[in-house]
>>> print(open('data_3.tsv').read())   # TSV, C-alpha atoms
chain	number	residue	atom	x	y	z
X	148	MET	CA	-51.81	47.29	-41.72
X	149	GLY	CA	-52.01	51.05	-42.26
X	150	GLU	CA	-51.72	51.71	-38.51
X	151	PHE	CA	-48.63	49.50	-38.33
X	152	ILE	CA	-46.96	51.40	-41.18
X	153	ARG	CA	-47.77	54.75	-39.54
X	154	ALA	CA	-46.38	53.53	-36.21
X	155	LEU	CA	-43.23	52.24	-37.91
X	156	ILE	CA	-42.72	55.54	-39.74
X	157	THR	CA	-43.20	57.44	-36.45
X	158	VAL	CA	-40.55	55.34	-34.72
X	159	LEU	CA	-38.11	55.77	-37.62
X	160	ILE	CA	-38.65	59.54	-37.65
X	161	ALA	CA	-38.05	59.66	-33.88
X	162	PHE	CA	-34.79	57.74	-34.20
X	163	ALA	CA	-33.72	59.91	-37.13
X	164	ALA	CA	-34.47	63.07	-35.16
X	165	LEU	CA	-32.49	61.76	-32.18
X	166	GLY	CA	-29.57	60.86	-34.43
X	167	ALA	CA	-29.65	64.28	-36.08
X	168	LEU	CA	-29.74	65.98	-32.66
X	169	LEU	CA	-26.78	63.98	-31.35
X	170	GLY	CA	-24.86	64.52	-34.58
X	171	SER	CA	-25.45	68.26	-34.40
X	172	LEU	CA	-24.37	68.42	-30.77
X	173	TYR	CA	-21.27	66.37	-31.53
X	174	TRP	CA	-20.43	68.68	-34.41
X	175	LEU	CA	-20.91	71.74	-32.21
X	176	SER	CA	-18.69	70.24	-29.48
X	177	GLY	CA	-15.89	70.00	-32.05
X	178	ARG	CA	-16.10	73.77	-32.56
X	179	LEU	CA	-15.49	74.52	-28.88
X	180	PRO	CA	-12.04	75.35	-27.46
X	181	LYS	CA	-9.88	72.21	-27.20
X	182	GLN	CA	-9.90	72.17	-23.40
X	183	TRP	CA	-13.72	71.89	-23.46
X	184	GLN	CA	-14.16	69.46	-26.36
X	185	GLU	CA	-13.64	66.20	-24.44
X	186	GLY	CA	-16.06	67.15	-21.67
X	187	ALA	CA	-18.65	68.38	-24.17
X	188	ARG	CA	-18.50	65.14	-26.19
X	189	TYR	CA	-18.86	63.16	-22.98
X	190	TRP	CA	-22.11	64.95	-22.18
X	191	VAL	CA	-23.36	64.58	-25.75
X	192	PHE	CA	-23.42	60.80	-25.30
X	193	MET	CA	-24.44	60.92	-21.64
X	194	LEU	CA	-27.40	63.23	-22.20
X	195	PRO	CA	-29.78	60.67	-23.83
X	196	ALA	CA	-29.01	58.01	-21.21
X	197	THR	CA	-29.40	60.51	-18.38
X	198	ALA	CA	-32.69	61.78	-19.80
X	199	ALA	CA	-33.97	58.20	-20.18
X	200	VAL	CA	-33.07	57.37	-16.56
X	201	VAL	CA	-34.69	60.55	-15.23
X	202	ILE	CA	-37.86	60.30	-17.33
X	203	GLY	CA	-38.27	56.51	-17.28
X	204	LEU	CA	-37.02	55.67	-13.77
X	205	LEU	CA	-36.47	58.57	-11.39
X	206	VAL	CA	-39.68	60.49	-12.07
X	207	PRO	CA	-41.96	57.40	-11.88
X	208	ALA	CA	-40.17	56.27	-8.70
X	209	LEU	CA	-40.68	59.62	-7.00
X	210	ARG	CA	-44.31	59.69	-8.14
X	211	THR	CA	-44.86	56.19	-6.76
X	212	ILE	CA	-43.41	57.23	-3.39
X	213	TYR	CA	-45.68	60.30	-3.41
X	214	LEU	CA	-48.78	58.23	-4.24
X	215	SER	CA	-47.97	55.75	-1.46
X	216	PHE	CA	-48.85	58.50	1.04
X	217	ARG	CA	-52.17	59.28	-0.67
X	218	ASN	CA	-55.51	57.49	-0.57
X	219	ASP	CA	-56.47	55.01	-3.28
X	220	SER	CA	-57.95	57.72	-5.48
X	221	GLY	CA	-54.97	60.02	-4.90
X	222	THR	CA	-57.17	62.89	-3.69
X	223	SER	CA	-56.01	63.21	-0.08
X	224	PHE	CA	-52.94	62.68	2.09
X	225	VAL	CA	-53.17	59.68	4.44
X	226	GLY	CA	-49.62	59.53	5.81
X	227	ILE	CA	-48.35	56.02	6.50
X	228	ASP	CA	-51.82	54.44	6.56
X	229	ASN	CA	-51.10	52.38	3.44
X	230	TYR	CA	-47.95	50.95	4.98
X	231	GLN	CA	-49.82	50.16	8.20
X	232	THR	CA	-52.43	48.34	6.13
X	233	ILE	CA	-49.76	46.12	4.60
X	234	PHE	CA	-48.59	44.85	7.97
X	235	SER	CA	-51.87	44.98	9.88
X	236	ASN	CA	-53.99	43.17	7.30
X	237	THR	CA	-53.54	39.39	7.43
X	238	GLY	CA	-53.74	38.98	3.65
X	239	THR	CA	-51.16	41.59	2.70
X	240	ARG	CA	-48.90	40.60	5.60
X	241	LEU	CA	-48.93	37.05	4.26
X	242	THR	CA	-47.67	38.29	0.88
X	243	VAL	CA	-44.61	39.79	2.60
X	244	PHE	CA	-43.79	36.52	4.37
X	245	ASN	CA	-44.41	34.59	1.14
X	246	SER	CA	-41.92	36.81	-0.67
X	247	MET	CA	-39.39	36.23	2.12
X	248	ALA	CA	-39.88	32.49	1.68
X	249	TRP	CA	-39.25	32.83	-2.06
X	250	VAL	CA	-36.05	34.78	-1.37
X	251	ILE	CA	-34.64	32.60	1.42
X	252	VAL	CA	-35.73	29.10	0.38
X	253	GLY	CA	-35.54	29.71	-3.36
X	254	THR	CA	-32.08	31.28	-3.26
X	255	ALA	CA	-30.60	28.78	-0.80
X	256	PHE	CA	-31.77	25.69	-2.68
X	257	THR	CA	-30.88	27.12	-6.09
X	258	VAL	CA	-27.32	27.88	-4.99
X	259	VAL	CA	-26.91	24.47	-3.31
X	260	VAL	CA	-28.30	22.58	-6.31
X	261	GLY	CA	-26.20	24.64	-8.72
X	262	LEU	CA	-23.01	24.03	-6.76
X	263	ALA	CA	-23.74	20.31	-6.36
X	264	VAL	CA	-24.40	19.78	-10.05
X	265	ALA	CA	-21.43	21.92	-11.07
X	266	ARG	CA	-19.12	19.91	-8.82
X	267	PHE	CA	-20.28	16.37	-9.53
X	268	ALA	CA	-21.11	16.79	-13.22
X	269	ASP	CA	-17.69	18.15	-14.19
X	270	ASN	CA	-15.40	15.79	-16.07
X	271	VAL	CA	-17.87	12.91	-16.08
X	272	LYS	CA	-19.21	10.99	-19.06
X	273	GLY	CA	-22.10	12.84	-20.65
X	274	GLU	CA	-21.25	16.11	-18.88
X	275	LYS	CA	-22.51	18.32	-21.72
X	276	ALA	CA	-25.78	16.45	-22.11
X	277	PHE	CA	-26.40	16.48	-18.37
X	278	LYS	CA	-25.71	20.20	-18.02
X	279	THR	CA	-27.85	20.94	-21.06
X	280	ALA	CA	-30.76	19.10	-19.43
X	281	ILE	CA	-30.27	21.10	-16.23
X	282	PHE	CA	-30.04	24.39	-18.10
X	283	LEU	CA	-33.01	23.74	-20.41
X	284	PRO	CA	-35.75	24.82	-17.95
X	285	GLY	CA	-34.07	28.23	-17.78
X	286	ALA	CA	-34.86	28.72	-21.47
X	287	ILE	CA	-38.59	28.35	-20.74
X	288	SER	CA	-40.56	31.43	-19.76
X	289	LEU	CA	-41.65	31.46	-16.13
X	290	VAL	CA	-45.28	31.43	-17.24
X	291	GLY	CA	-44.58	28.37	-19.37
X	292	ALA	CA	-42.82	26.70	-16.44
X	293	GLY	CA	-45.81	27.40	-14.20
X	294	VAL	CA	-48.26	25.92	-16.69
X	295	THR	CA	-46.01	22.88	-17.17
X	296	TRP	CA	-45.89	22.17	-13.44
X	297	LEU	CA	-49.65	22.52	-13.15
X	298	PHE	CA	-49.79	19.16	-14.93
X	299	VAL	CA	-47.50	17.76	-12.22
X	300	TYR	CA	-49.64	19.18	-9.40
X	301	ALA	CA	-53.00	18.51	-11.07
X	302	GLY	CA	-55.80	16.97	-9.02
X	303	PRO	CA	-59.58	16.47	-9.13
X	304	PRO	CA	-61.76	17.24	-11.01
X	305	PHE	CA	-59.06	17.11	-13.71
X	306	ASP	CA	-56.89	14.10	-14.45
X	307	ASN	CA	-54.52	13.55	-11.58
X	308	GLY	CA	-50.98	14.74	-12.15
X	309	LEU	CA	-47.63	13.07	-11.67
X	310	LEU	CA	-47.35	14.02	-7.99
X	311	ASN	CA	-50.71	12.48	-7.13
X	312	ALA	CA	-49.76	9.37	-9.09
X	313	ILE	CA	-46.58	9.01	-7.02
X	314	THR	CA	-48.12	9.68	-3.60
X	315	GLY	CA	-51.16	7.56	-4.41
X	316	SER	CA	-48.96	4.56	-5.12
X	317	ILE	CA	-47.26	4.68	-1.69
X	318	PRO	CA	-49.00	2.22	0.69
X	319	GLY	CA	-50.09	3.62	4.03
X	320	LEU	CA	-49.38	7.25	3.18
X	321	PRO	CA	-51.91	9.52	4.96
X	322	GLU	CA	-54.42	11.36	2.81
X	323	SER	CA	-53.16	14.66	4.25
X	324	MET	CA	-49.86	13.88	2.50
X	325	GLY	CA	-51.45	12.85	-0.79
X	326	GLY	CA	-51.93	9.19	0.08
X	327	GLY	CA	-55.31	9.00	-1.64
X	328	GLY	CA	-53.84	10.22	-4.92
X	329	ASP	CA	-56.41	12.98	-5.21
X	330	ARG	CA	-54.89	15.89	-3.28
X	331	LEU	CA	-55.35	19.47	-4.54
X	332	TRP	CA	-51.70	20.43	-4.16
X	333	VAL	CA	-51.72	24.10	-5.14
X	334	LEU	CA	-54.99	24.82	-3.33
X	335	GLU	CA	-54.26	23.34	0.10
X	336	ARG	CA	-51.99	25.23	2.49
X	337	GLY	CA	-51.61	22.45	5.04
X	338	PHE	CA	-49.64	19.24	4.78
X	339	GLY	CA	-49.39	16.13	6.90
X	340	GLY	CA	-51.99	17.33	9.38
X	341	PHE	CA	-50.19	20.63	9.98
X	342	ASP	CA	-52.02	23.83	9.08
X	343	PRO	CA	-49.78	26.93	9.08
X	344	PRO	CA	-50.97	30.16	10.74
X	345	ASP	CA	-52.79	32.67	8.55
X	346	SER	CA	-49.70	34.88	8.26
X	347	ALA	CA	-47.26	32.05	7.49
X	348	PRO	CA	-46.50	30.60	4.04
X	349	GLY	CA	-48.41	27.42	3.28
X	350	PHE	CA	-47.13	24.19	1.76
X	351	ASN	CA	-48.58	25.22	-1.61
X	352	THR	CA	-46.31	28.28	-1.61
X	353	PHE	CA	-43.26	26.02	-1.28
X	354	LEU	CA	-44.54	23.93	-4.18
X	355	LEU	CA	-44.47	27.08	-6.31
X	356	ILE	CA	-40.95	27.81	-5.08
X	357	VAL	CA	-39.94	24.37	-6.41
X	358	ILE	CA	-40.88	25.62	-9.89
X	359	PHE	CA	-38.71	28.68	-9.34
X	360	ILE	CA	-35.74	26.52	-8.28
X	361	TRP	CA	-36.28	24.29	-11.32
X	362	THR	CA	-36.03	27.29	-13.66
X	363	GLN	CA	-33.05	28.96	-11.95
X	364	ALA	CA	-30.83	25.96	-11.10
X	365	GLY	CA	-29.53	25.70	-14.67
X	366	PHE	CA	-28.33	29.30	-14.67
X	367	ALA	CA	-26.54	28.78	-11.36
X	368	THR	CA	-24.98	25.52	-12.58
X	369	VAL	CA	-23.52	27.07	-15.72
X	370	ILE	CA	-21.99	30.02	-13.84
X	371	PHE	CA	-20.60	27.85	-11.03
X	372	SER	CA	-19.20	25.31	-13.48
X	373	ALA	CA	-17.32	28.02	-15.39
X	374	ALA	CA	-16.01	29.49	-12.11
X	375	LEU	CA	-14.81	26.10	-10.82
X	376	LYS	CA	-12.98	25.44	-14.08
X	377	GLY	CA	-11.21	28.77	-13.56
X	378	VAL	CA	-9.64	27.76	-10.24
X	379	PRO	CA	-5.84	27.55	-10.84
X	380	ASP	CA	-4.55	23.98	-11.04
X	381	ASP	CA	-1.56	24.98	-8.91
X	382	LEU	CA	-3.82	25.64	-5.91
X	383	ILE	CA	-5.57	22.29	-6.28
X	384	GLU	CA	-2.32	20.36	-6.75
X	385	ALA	CA	-0.71	22.10	-3.76
X	386	ALA	CA	-3.66	21.17	-1.56
X	387	LYS	CA	-3.51	17.53	-2.70
X	388	VAL	CA	0.24	17.40	-2.05
X	389	ASP	CA	-0.51	18.51	1.51
X	390	GLY	CA	-2.82	15.50	1.84
X	391	ALA	CA	-6.21	17.14	1.25
X	392	THR	CA	-9.04	14.93	0.00
X	393	ASP	CA	-11.26	15.89	-2.93
X	394	ARG	CA	-13.92	17.04	-0.50
X	395	GLN	CA	-11.46	19.19	1.44
X	396	VAL	CA	-10.11	20.66	-1.79
X	397	PHE	CA	-13.63	21.68	-2.79
X	398	TYR	CA	-14.62	23.23	0.55
X	399	LYS	CA	-11.26	24.69	1.58
X	400	VAL	CA	-9.78	25.77	-1.76
X	401	MET	CA	-12.28	25.91	-4.63
X	402	LEU	CA	-15.33	27.26	-2.82
X	403	PRO	CA	-13.47	30.17	-1.16
X	404	TYR	CA	-11.84	30.99	-4.49
X	405	ILE	CA	-15.22	31.36	-6.28
X	406	GLN	CA	-16.90	33.09	-3.34
X	407	THR	CA	-17.49	36.30	-5.29
X	408	THR	CA	-19.22	34.28	-8.02
X	409	VAL	CA	-21.43	32.55	-5.45
X	410	ILE	CA	-22.39	35.91	-3.96
X	411	THR	CA	-23.21	37.36	-7.39
X	412	VAL	CA	-25.38	34.38	-8.36
X	413	ALA	CA	-27.12	34.40	-4.97
X	414	THR	CA	-27.87	38.12	-5.33
X	415	THR	CA	-29.27	37.62	-8.84
X	416	ILE	CA	-31.50	34.77	-7.65
X	417	THR	CA	-32.58	36.84	-4.66
X	418	PHE	CA	-33.77	39.66	-6.90
X	419	ALA	CA	-35.65	37.17	-9.08
X	420	GLY	CA	-37.32	35.65	-6.02
X	421	LEU	CA	-38.24	39.04	-4.62
X	422	LYS	CA	-39.96	39.95	-7.90
X	423	ALA	CA	-41.77	36.59	-8.17
X	424	PHE	CA	-44.91	37.19	-10.20
X	425	ASP	CA	-45.08	35.08	-13.37
X	426	ILE	CA	-45.20	31.67	-11.70
X	427	VAL	CA	-47.77	32.79	-9.14
X	428	ALA	CA	-49.97	34.43	-11.77
X	429	ALA	CA	-49.81	31.38	-14.07
X	430	THR	CA	-50.58	28.79	-11.39
X	431	THR	CA	-52.84	30.19	-8.65
X	432	GLY	CA	-53.29	33.85	-9.56
X	433	GLY	CA	-52.23	34.64	-6.00
X	434	ARG	CA	-55.23	32.84	-4.49
X	435	PHE	CA	-55.15	30.20	-1.72
X	436	GLY	CA	-52.57	32.17	0.28
X	437	THR	CA	-49.84	32.06	-2.39
X	438	SER	CA	-49.65	35.73	-3.39
X	439	THR	CA	-46.34	37.63	-3.29
X	440	ILE	CA	-45.59	41.33	-3.01
X	441	ALA	CA	-45.19	41.69	-6.78
X	442	ASN	CA	-48.41	39.80	-7.52
X	443	GLU	CA	-50.30	41.70	-4.82
X	444	PHE	CA	-49.06	44.99	-6.27
X	445	TYR	CA	-50.45	44.04	-9.68
X	446	VAL	CA	-53.81	42.86	-8.32
X	447	THR	CA	-54.20	45.82	-5.95
X	448	THR	CA	-53.25	48.47	-8.49
X	449	PHE	CA	-54.60	47.22	-11.81
X	450	VAL	CA	-57.44	44.89	-10.81
X	451	GLN	CA	-58.82	46.54	-7.67
X	452	GLY	CA	-57.83	50.08	-8.68
X	453	ARG	CA	-56.31	50.90	-5.27
X	454	GLY	CA	-53.46	53.16	-6.33
X	455	GLY	CA	-52.36	54.24	-2.85
X	456	LEU	CA	-51.95	50.76	-1.39
X	457	GLY	CA	-50.46	49.47	-4.65
X	458	SER	CA	-47.86	52.23	-4.62
X	459	ALA	CA	-46.98	51.38	-1.01
X	460	LEU	CA	-46.41	47.75	-2.02
X	461	ALA	CA	-44.15	48.90	-4.88
X	462	VAL	CA	-42.14	51.11	-2.51
X	463	LEU	CA	-41.83	48.22	-0.04
X	464	LEU	CA	-40.51	46.00	-2.82
X	465	PHE	CA	-37.93	48.63	-3.71
X	466	ALA	CA	-36.98	49.14	-0.06
X	467	LEU	CA	-36.29	45.42	0.36
X	468	VAL	CA	-33.77	45.57	-2.49
X	469	ILE	CA	-31.58	48.20	-0.81
X	470	PRO	CA	-30.23	46.06	2.10
X	471	ILE	CA	-29.63	43.18	-0.32
X	472	ILE	CA	-27.43	45.41	-2.49
X	473	TYR	CA	-25.59	46.68	0.59
X	474	LEU	CA	-24.95	43.20	1.96
X	475	ASN	CA	-23.90	41.96	-1.47
X	476	ARG	CA	-21.35	44.74	-1.83
X	477	ARG	CA	-19.92	44.09	1.64
X	478	ALA	CA	-19.69	40.36	1.04
X	479	GLN	CA	-18.01	40.84	-2.33
X	480	LYS	CA	-15.47	43.25	-0.88
X	481	ARG	CA	-14.67	40.79	1.92
X	482	ALA	CA	-14.32	37.94	-0.57
X	483	GLU	CA	-12.01	39.99	-2.79
X	484	GLU	CA	-9.82	40.78	0.21
X	485	MET	CA	-9.63	37.08	1.11
X	486	VAL	CA	-8.65	36.08	-2.41
X	487	GLY	CA	-6.15	38.92	-2.64
X	488	ALA	CA	-4.59	37.89	0.67
>>> encode(input="data_3.tsv", output="structure tokens")
Amino acid sequence: MGEFIRALITVLIAFAALGALLGSLYWLSGRLPKQWQEGARYWVFMLPATAAVVIGLLVPALRTIYLSFRNDSGTSFVGIDNYQTIFSNTGTRLTVFNSMAWVIVGTAFTVVVGLAVARFADNVKGEKAFKTAIFLPGAISLVGAGVTWLFVYAGPPFDNGLLNAITGSIPGLPESMGGGGDRLWVLERGFGGFDPPDSAPGFNTFLLIVIFIWTQAGFATVIFSAALKGVPDDLIEAAKVDGATDRQVFYKVMLPYIQTTVITVATTITFAGLKAFDIVAATTGGRFGTSTIANEFYVTTFVQGRGGLGSALAVLLFALVIPIIYLNRRAQKRAEEMVGA
């Protein structure tokens, strides 16, 4: 209890000191010539944020880039050896392709499910209850969602889960597809007699992506539903007067109108998929060929103690974000021009 009180007092003193510093600087800026006062006050409030970004983001990022060119102990320069290891080693190369699967499959299905639910659930009986049920998984932590779905995917020697109960009740279903009702879903990479190559995502990876879609679909639904309700009635009525069906109105009028919203949601889901860690850690721990870049970074850096390779994985993760931001900005600009036209 004493340590907690001391820590609390330390934090309060730090905040008080920061407030006193900012107050003093603000007071001093008011004593400057009038033509300088506005600029000085601007920097008074920008200084803490700038310092936080530099100390908490820029410096660690530059240090991570530096360490990615060093050996695991950080004692010698190894050039791009760590990056070559990522793509030459079968295990680490698989994590890259797994992350791409999370981004492509996870984002695509989340957007499609979100749009479908937003379209068909609007203005129907029980709309609020239905949307609440869809959104509810998003309120669960990703670790909690992973643990919950482990009961669905459970197999021997534990009690069989829901998925095994379903597949086991289907007559004539091959054992490779769960026909025996005792398949180890999150452990087995193959499915239906097909075994993917060592560097390709396995079926168990896509089962984990299902959990991701389950947690993100509610968020997409809520955003899309609000955007669809914002489409002007005049546009919809004009299209119907011209003889457009409900389906044509949705695809030709409503969907183009909310294109910027779709792009924003897709980008947000993409970032979440690229950083996939919680679900993997809670279900398989990255074993059985299910690891992602984020999970591999954690294991490599903090479990194996390989700082050089771990830093390279972190830099790769950051590098993959840059083209996504660029493409998102271009797509949004194009969509804004279309709506403005």
>>> atom_distance(input="data_3.tsv", atom1="CA of Val294 in chain X", atom2="CA of Thr239 in chain X")
25.1 Å
>>> residues_around(input="data_3.tsv", residues="Phe366 in chain X", least_positions_apart="3", cutoff="10 Å", atoms="all atoms listed in the file", output="list in words")
Thr257, Val258, Gly261, Ile281, Phe282, Leu283, Pro284, Gly285, Ala286, Trp361, Thr362, Gln363, Val369, Ile370, Phe371, Val412 and Ile416 of chain X
>>> residues_around(input="data_3.tsv", residues="range 458-466 of chain X", least_positions_apart="3", cutoff="7 Å", atoms="all atoms listed in the file", output="list of chain:residue names")
X:Thr211, X:Ile212, X:Leu214, X:Ser215, X:Asn229, X:Tyr230, X:Ile440, X:Phe444, X:Gly454, X:Gly455, X:Ile469
>>> atom_distance(input="data_3.tsv", atom1="CA of Pro344 in chain X", atom2="CA of Val299 in chain X")
26.3 Å
>>> atom_distance(input="data_3.tsv", atom1="CA of Gly420 in chain X", atom2="CA of Val357 in chain X")
11.6 Å
>>> closest_residue(input="data_3.tsv", among="X:Leu456, X:Ser176, X:Lys387, X:Gly365", to="Phe234 in chain X", atoms="all atoms listed in the file")
X:Leu456
>>> closest_residue(input="data_3.tsv", among="X:Ser346, X:Thr237, X:Thr431, X:Gln479", to="Thr408 in chain X", atoms="all atoms listed in the file")
X:Gln479
>>> closest_residue(input="data_3.tsv", among="X:Tyr473, X:Ser246, X:Asp425, X:Gln406", to="Thr439 in chain X", atoms="only C-alpha atoms")
X:Ser246
>>> closest_residue(input="data_3.tsv", among="X:Glu384, X:Glu335, X:Glu274, X:Asp306", to="Pro348 in chain X", atoms="only C-alpha atoms")
X:Glu335
>>> residues_around(input="data_3.tsv", residues="Phe341 in chain X", least_positions_apart="3", cutoff="12 Å", atoms="only C-alpha atoms", output="ChimeraX atom specification")
/X:323-324,335-338,344,349-350
>>> residues_around(input="data_3.tsv", residues="Ile472 in chain X", least_positions_apart="4", cutoff="12 Å", atoms="all atoms listed in the file", output="tab-separated table (two decimals) with C-alpha atoms, keeping the file's coordinate frame")
chain	number	residue	atom	x	y	z
X	410	ILE	CA	-22.39	35.91	-3.96
X	411	THR	CA	-23.21	37.36	-7.39
X	413	ALA	CA	-27.12	34.40	-4.97
X	414	THR	CA	-27.87	38.12	-5.33
X	415	THR	CA	-29.27	37.62	-8.84
X	417	THR	CA	-32.58	36.84	-4.66
X	418	PHE	CA	-33.77	39.66	-6.90
X	465	PHE	CA	-37.93	48.63	-3.71
X	466	ALA	CA	-36.98	49.14	-0.06
X	467	LEU	CA	-36.29	45.42	0.36
X	468	VAL	CA	-33.77	45.57	-2.49
X	476	ARG	CA	-21.35	44.74	-1.83
X	477	ARG	CA	-19.92	44.09	1.64
X	478	ALA	CA	-19.69	40.36	1.04
X	479	GLN	CA	-18.01	40.84	-2.33
>>> decode(input="data_3.tsv", residues="range 443-458 of chain X", atoms="N, CA, C and O atoms", output="mmCIF file, in the first residue's frame")
data_model
loop_
_atom_site.group_PDB
_atom_site.id
_atom_site.type_symbol
_atom_site.label_atom_id
_atom_site.label_comp_id
_atom_site.auth_asym_id
_atom_site.auth_seq_id
_atom_site.Cartn_x
_atom_site.Cartn_y
_atom_site.Cartn_z
ATOM 1 N N GLU X 443 5.221 -13.085 -34.014
ATOM 2 C CA GLU X 443 6.605 -13.520 -34.187
ATOM 3 C C GLU X 443 7.578 -12.492 -33.618
ATOM 4 O O GLU X 443 8.621 -12.841 -33.054
ATOM 5 N N PHE X 444 7.236 -11.216 -33.776
ATOM 6 C CA PHE X 444 8.061 -10.152 -33.191
ATOM 7 C C PHE X 444 8.146 -10.308 -31.677
ATOM 8 O O PHE X 444 9.230 -10.211 -31.083
ATOM 9 N N TYR X 445 6.994 -10.556 -31.054
ATOM 10 C CA TYR X 445 6.969 -10.718 -29.593
ATOM 11 C C TYR X 445 7.796 -11.931 -29.165
ATOM 12 O O TYR X 445 8.633 -11.835 -28.253
ATOM 13 N N VAL X 446 7.560 -13.061 -29.809
ATOM 14 C CA VAL X 446 8.263 -14.290 -29.433
ATOM 15 C C VAL X 446 9.766 -14.145 -29.672
ATOM 16 O O VAL X 446 10.589 -14.511 -28.815
ATOM 17 N N THR X 447 10.136 -13.597 -30.834
ATOM 18 C CA THR X 447 11.547 -13.473 -31.183
ATOM 19 C C THR X 447 12.281 -12.520 -30.246
ATOM 20 O O THR X 447 13.396 -12.801 -29.795
ATOM 21 N N THR X 448 11.647 -11.404 -29.933
ATOM 22 C CA THR X 448 12.311 -10.377 -29.129
ATOM 23 C C THR X 448 12.301 -10.682 -27.639
ATOM 24 O O THR X 448 13.345 -10.632 -26.973
ATOM 25 N N PHE X 449 11.134 -11.035 -27.100
ATOM 26 C CA PHE X 449 10.987 -11.124 -25.649
ATOM 27 C C PHE X 449 11.085 -12.550 -25.096
ATOM 28 O O PHE X 449 11.324 -12.722 -23.899
ATOM 29 N N VAL X 450 10.877 -13.545 -25.941
ATOM 30 C CA VAL X 450 10.988 -14.933 -25.481
ATOM 31 C C VAL X 450 12.353 -15.508 -25.853
ATOM 32 O O VAL X 450 13.059 -16.067 -25.007
ATOM 33 N N GLN X 451 12.739 -15.336 -27.115
ATOM 34 C CA GLN X 451 14.017 -15.874 -27.584
ATOM 35 C C GLN X 451 15.182 -14.919 -27.341
ATOM 36 O O GLN X 451 16.332 -15.324 -27.404
ATOM 37 N N GLY X 452 14.887 -13.635 -27.109
ATOM 38 C CA GLY X 452 15.940 -12.662 -26.851
ATOM 39 C C GLY X 452 16.762 -12.299 -28.072
ATOM 40 O O GLY X 452 17.913 -11.884 -27.947
ATOM 41 N N ARG X 453 16.167 -12.414 -29.267
ATOM 42 C CA ARG X 453 16.872 -12.090 -30.514
ATOM 43 C C ARG X 453 16.463 -10.676 -30.957
ATOM 44 O O ARG X 453 15.565 -10.483 -31.766
ATOM 45 N N GLY X 454 17.154 -9.689 -30.417
ATOM 46 C CA GLY X 454 16.792 -8.300 -30.640
ATOM 47 C C GLY X 454 16.924 -7.845 -32.077
ATOM 48 O O GLY X 454 16.113 -7.053 -32.565
ATOM 49 N N GLY X 455 17.943 -8.317 -32.776
ATOM 50 C CA GLY X 455 18.162 -7.886 -34.161
ATOM 51 C C GLY X 455 17.046 -8.347 -35.081
ATOM 52 O O GLY X 455 16.463 -7.537 -35.819
ATOM 53 N N LEU X 456 16.735 -9.634 -35.053
ATOM 54 C CA LEU X 456 15.679 -10.171 -35.899
ATOM 55 C C LEU X 456 14.324 -9.613 -35.481
ATOM 56 O O LEU X 456 13.478 -9.304 -36.329
ATOM 57 N N GLY X 457 14.097 -9.465 -34.183
ATOM 58 C CA GLY X 457 12.842 -8.898 -33.715
ATOM 59 C C GLY X 457 12.645 -7.474 -34.198
ATOM 60 O O GLY X 457 11.543 -7.086 -34.593
ATOM 61 N N SER X 458 13.715 -6.686 -34.182
ATOM 62 C CA SER X 458 13.634 -5.310 -34.674
ATOM 63 C C SER X 458 13.335 -5.281 -36.170
ATOM 64 O O SER X 458 12.571 -4.436 -36.641
#
